[in-house]
$ cat my_file-v2.tsv   # TSV, C-alpha atoms
chain	number	residue	atom	x	y	z
A	12	MET	CA	-146.84	53.64	14.97
A	13	LEU	CA	-146.85	50.28	13.19
A	14	SER	CA	-149.58	49.59	10.65
A	15	LEU	CA	-151.18	46.86	12.83
A	16	GLU	CA	-151.28	49.20	15.83
A	17	ARG	CA	-152.74	51.98	13.67
A	18	GLN	CA	-155.41	49.62	12.32
A	19	GLU	CA	-156.34	48.63	15.86
A	20	GLU	CA	-156.70	52.34	16.68
A	21	ILE	CA	-158.92	52.76	13.63
A	22	LEU	CA	-161.16	49.92	14.82
A	23	GLU	CA	-161.47	51.50	18.26
A	24	ILE	CA	-162.40	54.86	16.71
A	25	LEU	CA	-164.99	53.19	14.46
A	26	ASN	CA	-166.52	51.24	17.32
A	27	LYS	CA	-167.00	54.51	19.20
A	28	ASN	CA	-168.16	56.72	16.33
A	29	LYS	CA	-169.77	54.13	13.97
A	30	SER	CA	-168.44	56.00	10.94
A	31	VAL	CA	-165.48	58.26	10.25
A	32	THR	CA	-163.87	60.07	7.32
A	33	VAL	CA	-160.34	59.64	6.00
A	34	GLU	CA	-159.56	63.24	6.98
A	35	GLU	CA	-160.74	62.67	10.56
A	36	LEU	CA	-158.63	59.52	10.90
A	37	ALA	CA	-155.58	61.22	9.42
A	38	ALA	CA	-155.89	64.09	11.90
A	39	GLU	CA	-156.52	61.75	14.85
A	40	LEU	CA	-153.58	59.46	14.06
A	41	PHE	CA	-151.16	62.09	12.70
A	42	VAL	CA	-150.59	60.40	9.35
A	43	SER	CA	-151.40	61.23	5.73
A	44	GLY	CA	-154.67	60.55	4.02
A	45	ALA	CA	-152.83	58.18	1.66
A	46	THR	CA	-151.65	56.10	4.64
A	47	ILE	CA	-155.18	55.92	6.03
A	48	ARG	CA	-156.58	54.86	2.67
A	49	ARG	CA	-153.99	52.05	2.45
A	50	ASP	CA	-154.96	50.90	5.94
A	51	LEU	CA	-158.65	50.96	5.09
A	52	ARG	CA	-158.11	48.92	1.92
A	53	ALA	CA	-156.15	46.30	3.87
A	54	MET	CA	-158.76	46.21	6.65
A	55	GLU	CA	-161.63	45.84	4.18
A	56	LYS	CA	-159.88	42.84	2.56
A	57	GLN	CA	-159.75	41.21	6.01
A	58	GLY	CA	-163.46	41.86	6.55
A	59	LEU	CA	-162.80	44.22	9.45
A	60	ILE	CA	-164.51	47.30	8.02
A	61	LYS	CA	-166.71	48.48	5.20
A	62	ARG	CA	-165.39	51.43	3.24
A	63	SER	CA	-167.79	54.24	2.37
A	64	HIS	CA	-167.39	57.33	0.18
A	65	GLY	CA	-164.57	59.28	1.83
A	66	GLY	CA	-164.39	57.09	4.93
A	67	ALA	CA	-165.33	53.83	6.61
A	68	MET	CA	-167.71	52.12	9.02
A	69	PRO	CA	-167.28	48.99	11.14
A	70	PHE	CA	-168.16	45.61	9.68
A	71	LYS	CA	-169.54	44.04	12.83
A	72	SER	CA	-169.30	40.40	11.91
A	73	SER	CA	-165.51	40.45	12.13
A	74	ALA	CA	-164.40	43.81	13.55
A	75	GLU	CA	-165.35	42.56	16.98
A	76	GLU	CA	-166.07	39.17	18.42
A	77	SER	CA	-169.56	37.80	18.00
A	78	ALA	CA	-171.77	38.09	21.05
A	79	PHE	CA	-170.99	35.23	23.41
A	80	ALA	CA	-174.59	34.00	23.41
A	81	ILE	CA	-174.39	33.65	19.62
A	82	ARG	CA	-170.97	32.00	19.66
A	83	GLU	CA	-172.20	29.46	22.20
A	84	GLN	CA	-174.73	28.21	19.64
A	85	GLU	CA	-172.34	28.04	16.68
A	86	ASN	CA	-170.89	24.65	15.68
A	87	THR	CA	-171.74	23.21	19.10
A	88	ALA	CA	-171.25	19.56	18.13
A	89	ALA	CA	-167.78	20.24	16.71
A	90	LYS	CA	-166.79	22.32	19.72
A	91	ARG	CA	-168.00	19.63	22.11
A	92	THR	CA	-165.91	17.03	20.28
A	93	ILE	CA	-162.89	19.32	20.57
A	94	ALA	CA	-163.52	19.96	24.27
A	95	ASN	CA	-163.70	16.22	24.97
A	96	LEU	CA	-160.29	15.81	23.38
A	97	ALA	CA	-158.76	18.83	25.12
A	98	VAL	CA	-159.49	17.67	28.67
A	99	LYS	CA	-157.26	14.64	28.06
A	100	LEU	CA	-154.32	17.02	28.44
A	101	ILE	CA	-155.30	17.72	32.06
A	102	LYS	CA	-154.45	15.62	35.09
A	103	ASN	CA	-155.21	15.87	38.82
A	104	GLY	CA	-153.45	18.75	40.54
A	105	ASP	CA	-152.83	20.79	37.40
A	106	SER	CA	-152.95	24.55	37.08
A	107	VAL	CA	-154.90	25.51	33.95
A	108	PHE	CA	-155.36	28.65	31.84
A	109	LEU	CA	-158.67	29.03	29.96
A	110	ASP	CA	-159.35	31.96	27.66
A	111	SER	CA	-162.81	33.54	27.25
A	112	SER	CA	-163.94	31.41	24.29
A	113	SER	CA	-167.09	29.33	24.10
A	114	THR	CA	-165.01	26.34	22.96
A	115	THR	CA	-162.87	26.27	26.10
A	116	GLY	CA	-166.06	26.86	28.10
A	117	LEU	CA	-167.33	23.47	26.98
A	118	THR	CA	-164.46	21.79	28.84
A	119	ILE	CA	-165.60	23.20	32.17
A	120	PRO	CA	-168.32	20.65	33.10
A	121	MET	CA	-165.77	17.87	32.53
A	122	LEU	CA	-163.33	19.42	35.00
A	123	ASN	CA	-165.48	18.02	37.82
A	124	ASN	CA	-163.84	14.69	37.03
A	125	PHE	CA	-160.49	15.96	38.33
A	126	LYS	CA	-159.13	16.70	41.80
A	127	TYR	CA	-157.13	19.66	43.09
A	128	LEU	CA	-157.29	21.79	39.94
A	129	SER	CA	-156.53	25.51	39.86
A	130	VAL	CA	-158.10	27.30	36.89
A	131	THR	CA	-157.44	30.88	35.80
A	132	THR	CA	-159.65	32.44	33.13
A	133	THR	CA	-160.00	35.74	31.28
A	134	GLY	CA	-163.70	35.16	30.56
A	135	LEU	CA	-166.65	36.32	32.66
A	136	ARG	CA	-168.95	33.58	31.38
A	137	ASN	CA	-166.30	30.91	31.85
A	138	ALA	CA	-165.66	32.12	35.40
A	139	LEU	CA	-169.39	31.81	36.13
A	140	LEU	CA	-169.43	28.27	34.71
A	141	LEU	CA	-166.40	27.39	36.83
A	142	SER	CA	-168.21	28.64	39.94
A	143	GLN	CA	-170.74	25.82	39.46
A	144	THR	CA	-168.05	23.13	39.72
A	145	ASN	CA	-166.67	21.35	42.78
A	146	ASN	CA	-163.12	21.09	44.13
A	147	ILE	CA	-161.60	23.67	41.77
A	148	LYS	CA	-159.73	26.79	42.85
A	149	ILE	CA	-160.98	29.49	40.50
A	150	TYR	CA	-159.13	32.69	39.58
A	151	ILE	CA	-160.32	35.43	37.24
A	152	ALA	CA	-157.99	38.06	35.82
A	153	GLY	CA	-158.87	41.69	36.42
A	154	GLY	CA	-158.99	44.38	33.77
A	155	GLN	CA	-161.29	45.96	31.21
A	156	ILE	CA	-164.43	44.07	30.22
A	157	GLN	CA	-164.55	43.89	26.43
A	158	ASN	CA	-168.00	44.63	25.03
A	159	HIS	CA	-169.90	41.85	23.24
A	160	SER	CA	-167.47	39.09	24.19
A	161	ASN	CA	-167.36	38.55	27.97
A	162	SER	CA	-163.58	38.95	27.66
A	163	ILE	CA	-161.35	40.72	30.16
A	164	ILE	CA	-158.43	42.55	28.56
A	165	GLY	CA	-155.89	45.30	29.17
A	166	THR	CA	-152.60	45.94	30.95
A	167	ASP	CA	-153.96	44.85	34.33
A	168	THR	CA	-155.00	41.54	32.79
A	169	MET	CA	-151.55	41.06	31.30
A	170	ASP	CA	-149.89	41.84	34.63
A	171	TYR	CA	-152.10	39.31	36.41
A	172	ILE	CA	-151.46	36.53	33.90
A	173	SER	CA	-147.71	37.22	33.91
A	174	ARG	CA	-147.57	36.31	37.61
A	175	ILE	CA	-149.20	32.89	37.18
A	176	HIS	CA	-147.77	29.64	35.82
A	177	ALA	CA	-149.99	26.99	34.27
A	178	ASP	CA	-149.33	23.34	33.50
A	179	VAL	CA	-151.89	23.43	30.67
A	180	CYS	CA	-153.22	26.34	28.60
A	181	LEU	CA	-156.34	25.96	26.46
A	182	VAL	CA	-157.30	28.76	24.07
A	183	SER	CA	-159.30	29.19	20.88
A	184	CYS	CA	-158.86	31.57	17.93
A	185	SER	CA	-160.90	33.57	15.41
A	186	GLY	CA	-159.27	32.16	12.30
A	187	LEU	CA	-156.55	29.84	11.01
A	188	ASP	CA	-154.69	30.28	7.74
A	189	ILE	CA	-151.86	28.09	6.46
A	190	ASN	CA	-149.55	31.11	6.14
A	191	SER	CA	-150.86	33.63	8.70
A	192	GLY	CA	-151.32	31.06	11.48
A	193	PHE	CA	-153.88	31.43	14.26
A	194	THR	CA	-155.33	34.97	14.24
A	195	GLU	CA	-157.58	37.33	16.20
A	196	SER	CA	-159.51	40.51	15.42
A	197	SER	CA	-158.02	42.06	18.59
A	198	ILE	CA	-154.34	42.85	19.17
A	199	GLU	CA	-154.95	42.83	22.93
A	200	GLN	CA	-156.46	39.33	22.80
A	201	ALA	CA	-153.48	38.09	20.80
A	202	LYS	CA	-150.97	39.56	23.24
A	203	LEU	CA	-152.85	38.07	26.18
A	204	LYS	CA	-152.79	34.59	24.67
A	205	GLN	CA	-149.10	34.97	23.89
A	206	GLN	CA	-148.48	35.77	27.57
A	207	MET	CA	-150.44	32.65	28.55
A	208	ARG	CA	-148.23	30.63	26.17
A	209	LYS	CA	-145.10	32.09	27.75
A	210	ASN	CA	-146.28	31.07	31.24
A	211	SER	CA	-147.48	27.56	30.36
A	212	THR	CA	-145.73	24.21	30.24
A	213	LYS	CA	-147.92	23.06	27.35
A	214	MET	CA	-150.49	24.81	25.19
A	215	ALA	CA	-153.31	23.65	22.94
A	216	VAL	CA	-155.28	25.75	20.46
A	217	LEU	CA	-158.88	24.54	20.06
A	218	CYS	CA	-160.19	25.41	16.60
A	219	ASP	CA	-163.16	23.99	14.70
A	220	SER	CA	-162.91	23.46	10.95
A	221	THR	CA	-165.17	26.41	10.03
A	222	LYS	CA	-162.32	28.77	11.00
A	223	LEU	CA	-159.83	27.31	8.52
A	224	GLY	CA	-158.85	29.63	5.69
A	225	LYS	CA	-159.86	32.76	7.62
A	226	THR	CA	-157.42	35.52	8.55
A	227	PHE	CA	-158.01	38.32	11.06
A	228	LEU	CA	-156.05	41.37	12.14
A	229	CYS	CA	-153.35	39.93	14.39
A	230	THR	CA	-151.49	36.62	14.61
A	231	ASP	CA	-151.61	34.74	17.92
A	232	PHE	CA	-149.33	31.84	17.02
A	233	HIS	CA	-147.93	29.71	14.25
A	234	PHE	CA	-147.92	25.92	14.51
A	235	GLU	CA	-144.31	25.89	15.71
A	236	ASP	CA	-145.29	28.06	18.71
A	237	ILE	CA	-147.77	25.60	20.24
A	238	ASP	CA	-147.79	22.00	21.44
A	239	TYR	CA	-151.22	20.80	20.26
A	240	PHE	CA	-153.74	21.76	17.60
A	241	ILE	CA	-157.12	20.21	18.44
A	242	THR	CA	-159.93	20.11	15.88
A	243	GLU	CA	-162.98	17.94	15.22
A	244	LYS	CA	-161.81	16.34	11.98
A	245	THR	CA	-158.65	15.92	9.96
A	246	PRO	CA	-157.87	19.22	8.19
A	247	PRO	CA	-156.88	19.51	4.50
A	248	ILE	CA	-153.58	17.87	3.55
A	249	GLU	CA	-151.67	21.15	3.31
A	250	TYR	CA	-152.37	21.79	7.01
A	251	VAL	CA	-151.35	18.24	7.94
A	252	GLU	CA	-148.07	18.62	6.05
A	253	LYS	CA	-147.39	22.03	7.60
A	254	ILE	CA	-147.98	20.70	11.13
A	255	ALA	CA	-145.72	17.69	10.45
A	256	GLN	CA	-142.82	20.09	9.92
A	257	THR	CA	-143.11	21.36	13.52
A	258	LYS	CA	-143.19	19.98	17.07
A	259	CYS	CA	-146.95	20.62	17.20
A	260	LYS	CA	-149.18	17.54	17.47
A	261	LEU	CA	-152.43	17.37	15.52
A	262	ILE	CA	-155.25	15.97	17.68
A	263	THR	CA	-158.52	14.79	16.11
A	264	PRO	CA	-161.00	12.03	17.03
A	265	GLU	CA	-159.04	9.78	14.64
A	266	ASN	CA	-155.62	10.82	15.95
A	267	THR	CA	-155.28	11.14	19.73
A	268	ASN	CA	-151.46	11.24	19.90
A	269	PHE	CA	-151.10	13.10	23.20

$ encode --input "my_file-v2.tsv" --output "structure tokens"
Amino acid sequence: MLSLERQEEILEILNKNKSVTVEELAAELFVSGATIRRDLRAMEKQGLIKRSHGGAMPFKSSAEESAFAIREQENTAAKRTIANLAVKLIKNGDSVFLDSSSTTGLTIPMLNNFKYLSVTTTGLRNALLLSQTNNIKIYIAGGQIQNHSNSIIGTDTMDYISRIHADVCLVSCSGLDINSGFTESSIEQAKLKQQMRKNSTKMAVLCDSTKLGKTFLCTDFHFEDIDYFITEKTPPIEYVEKIAQTKCKLITPENTNF
């Protein structure tokens, strides 16, 4: 088992049991105590867990996604600016992927301005918002409902997404680091977004500036993997220079180079 897969297993065990010892994790995952301790140190540095004497407990603020109701209220002005930019990628008749994020959810009211759209989402809340629109064919992927996030994940979700092609894919992320790229706290979420990328003609990652400099468990994409990075203001120069080395286009209110 790879270290990232093992760390995801550790998170799942912690979310079920709230606390666990090194010995219990070693027995559960068939590895040495030294290996578990290395994993726990790495996970604590990422803010995924809090180590305790002889074990660990989940650090809720980053081990799982924030509750959707909370995320909806965070950085709303920035997210709305980003959403207004993102819908410029869409045209009448397009097929669109939306993930479960609150940022992509803010694009949904604006989709009423288009005709003959088909929208597929992996978010319960976003599907409900879509149901209030007109003239849109709405599809929701099946699978496991992820607690605290309104996300649908799992192998059934992957199978469903793999059978659909989209003209435009809009997703968000948990963090963005100049070296690690766009990251998530969930391996399953990352794999799902990568499948959306594979099945899309063009993809945009919507990310507000508060997420810059943060790294979570698993990488979704690097700049060279996507077509557009949309944010509410020009990021620091090192990000601008990094993006300029790739085919990715930086989209901000000051730079709408679609």

$ residues_around --input "my_file-v2.tsv" --residues "A:Arg49" --least-positions-apart "2" --cutoff "12 Å" --atoms "all atoms listed in the file" --output "PyMOL selection string"
chain A and resi 14-15+17-18+33+37+42-47+51-56+62+66

$ write_last_selection --input "my_file-v2.tsv" --atoms "C-alpha atoms" --output "mmCIF file, keeping the file's coordinate frame"
data_model
loop_
_atom_site.group_PDB
_atom_site.id
_atom_site.type_symbol
_atom_site.label_atom_id
_atom_site.label_comp_id
_atom_site.auth_asym_id
_atom_site.auth_seq_id
_atom_site.Cartn_x
_atom_site.Cartn_y
_atom_site.Cartn_z
ATOM 1 C CA SER A 14 -149.580 49.590 10.650
ATOM 2 C CA LEU A 15 -151.180 46.860 12.830
ATOM 3 C CA ARG A 17 -152.740 51.980 13.670
ATOM 4 C CA GLN A 18 -155.410 49.620 12.320
ATOM 5 C CA VAL A 33 -160.340 59.640 6.000
ATOM 6 C CA ALA A 37 -155.580 61.220 9.420
ATOM 7 C CA VAL A 42 -150.590 60.400 9.350
ATOM 8 C CA SER A 43 -151.400 61.230 5.730
ATOM 9 C CA GLY A 44 -154.670 60.550 4.020
ATOM 10 C CA ALA A 45 -152.830 58.180 1.660
ATOM 11 C CA THR A 46 -151.650 56.100 4.640
ATOM 12 C CA ILE A 47 -155.180 55.920 6.030
ATOM 13 C CA LEU A 51 -158.650 50.960 5.090
ATOM 14 C CA ARG A 52 -158.110 48.920 1.920
ATOM 15 C CA ALA A 53 -156.150 46.300 3.870
ATOM 16 C CA MET A 54 -158.760 46.210 6.650
ATOM 17 C CA GLU A 55 -161.630 45.840 4.180
ATOM 18 C CA LYS A 56 -159.880 42.840 2.560
ATOM 19 C CA ARG A 62 -165.390 51.430 3.240
ATOM 20 C CA GLY A 66 -164.390 57.090 4.930
#

$ residues_around --input "my_file-v2.tsv" --residues "A:Ser173" --least-positions-apart "5" --cutoff "9 Å" --atoms "all atoms listed in the file" --output "ChimeraX atom specification"
/A:168,206-207,209-210

$ atom_distance --input "my_file-v2.tsv" --atom1 "atom CA of A:Asn28" --atom2 "atom CA of A:Ala67"
10.5 Å

$ closest_residue --input "my_file-v2.tsv" --among "A:Cys218, A:Ile175, A:Cys184, A:Leu122" --to "A:Ser197" --atoms "all atoms listed in the file"
A:Cys184

$ axis_aligned_box --input "my_file-v2.tsv" --around "stretch 254-269 of chain A" --padding-each-side "4 Å" --output "AutoDock Vina command-line options"
--center_x -151.9 --center_y 15.6 --center_z 16.6 --size_x 26.2 --size_y 19.6 --size_z 21.3

$ closest_residue --input "my_file-v2.tsv" --among "A:Leu181, A:Met68, A:Val251, A:Ile21" --to "A:Ile119" --atoms "only C-alpha atoms"
A:Leu181
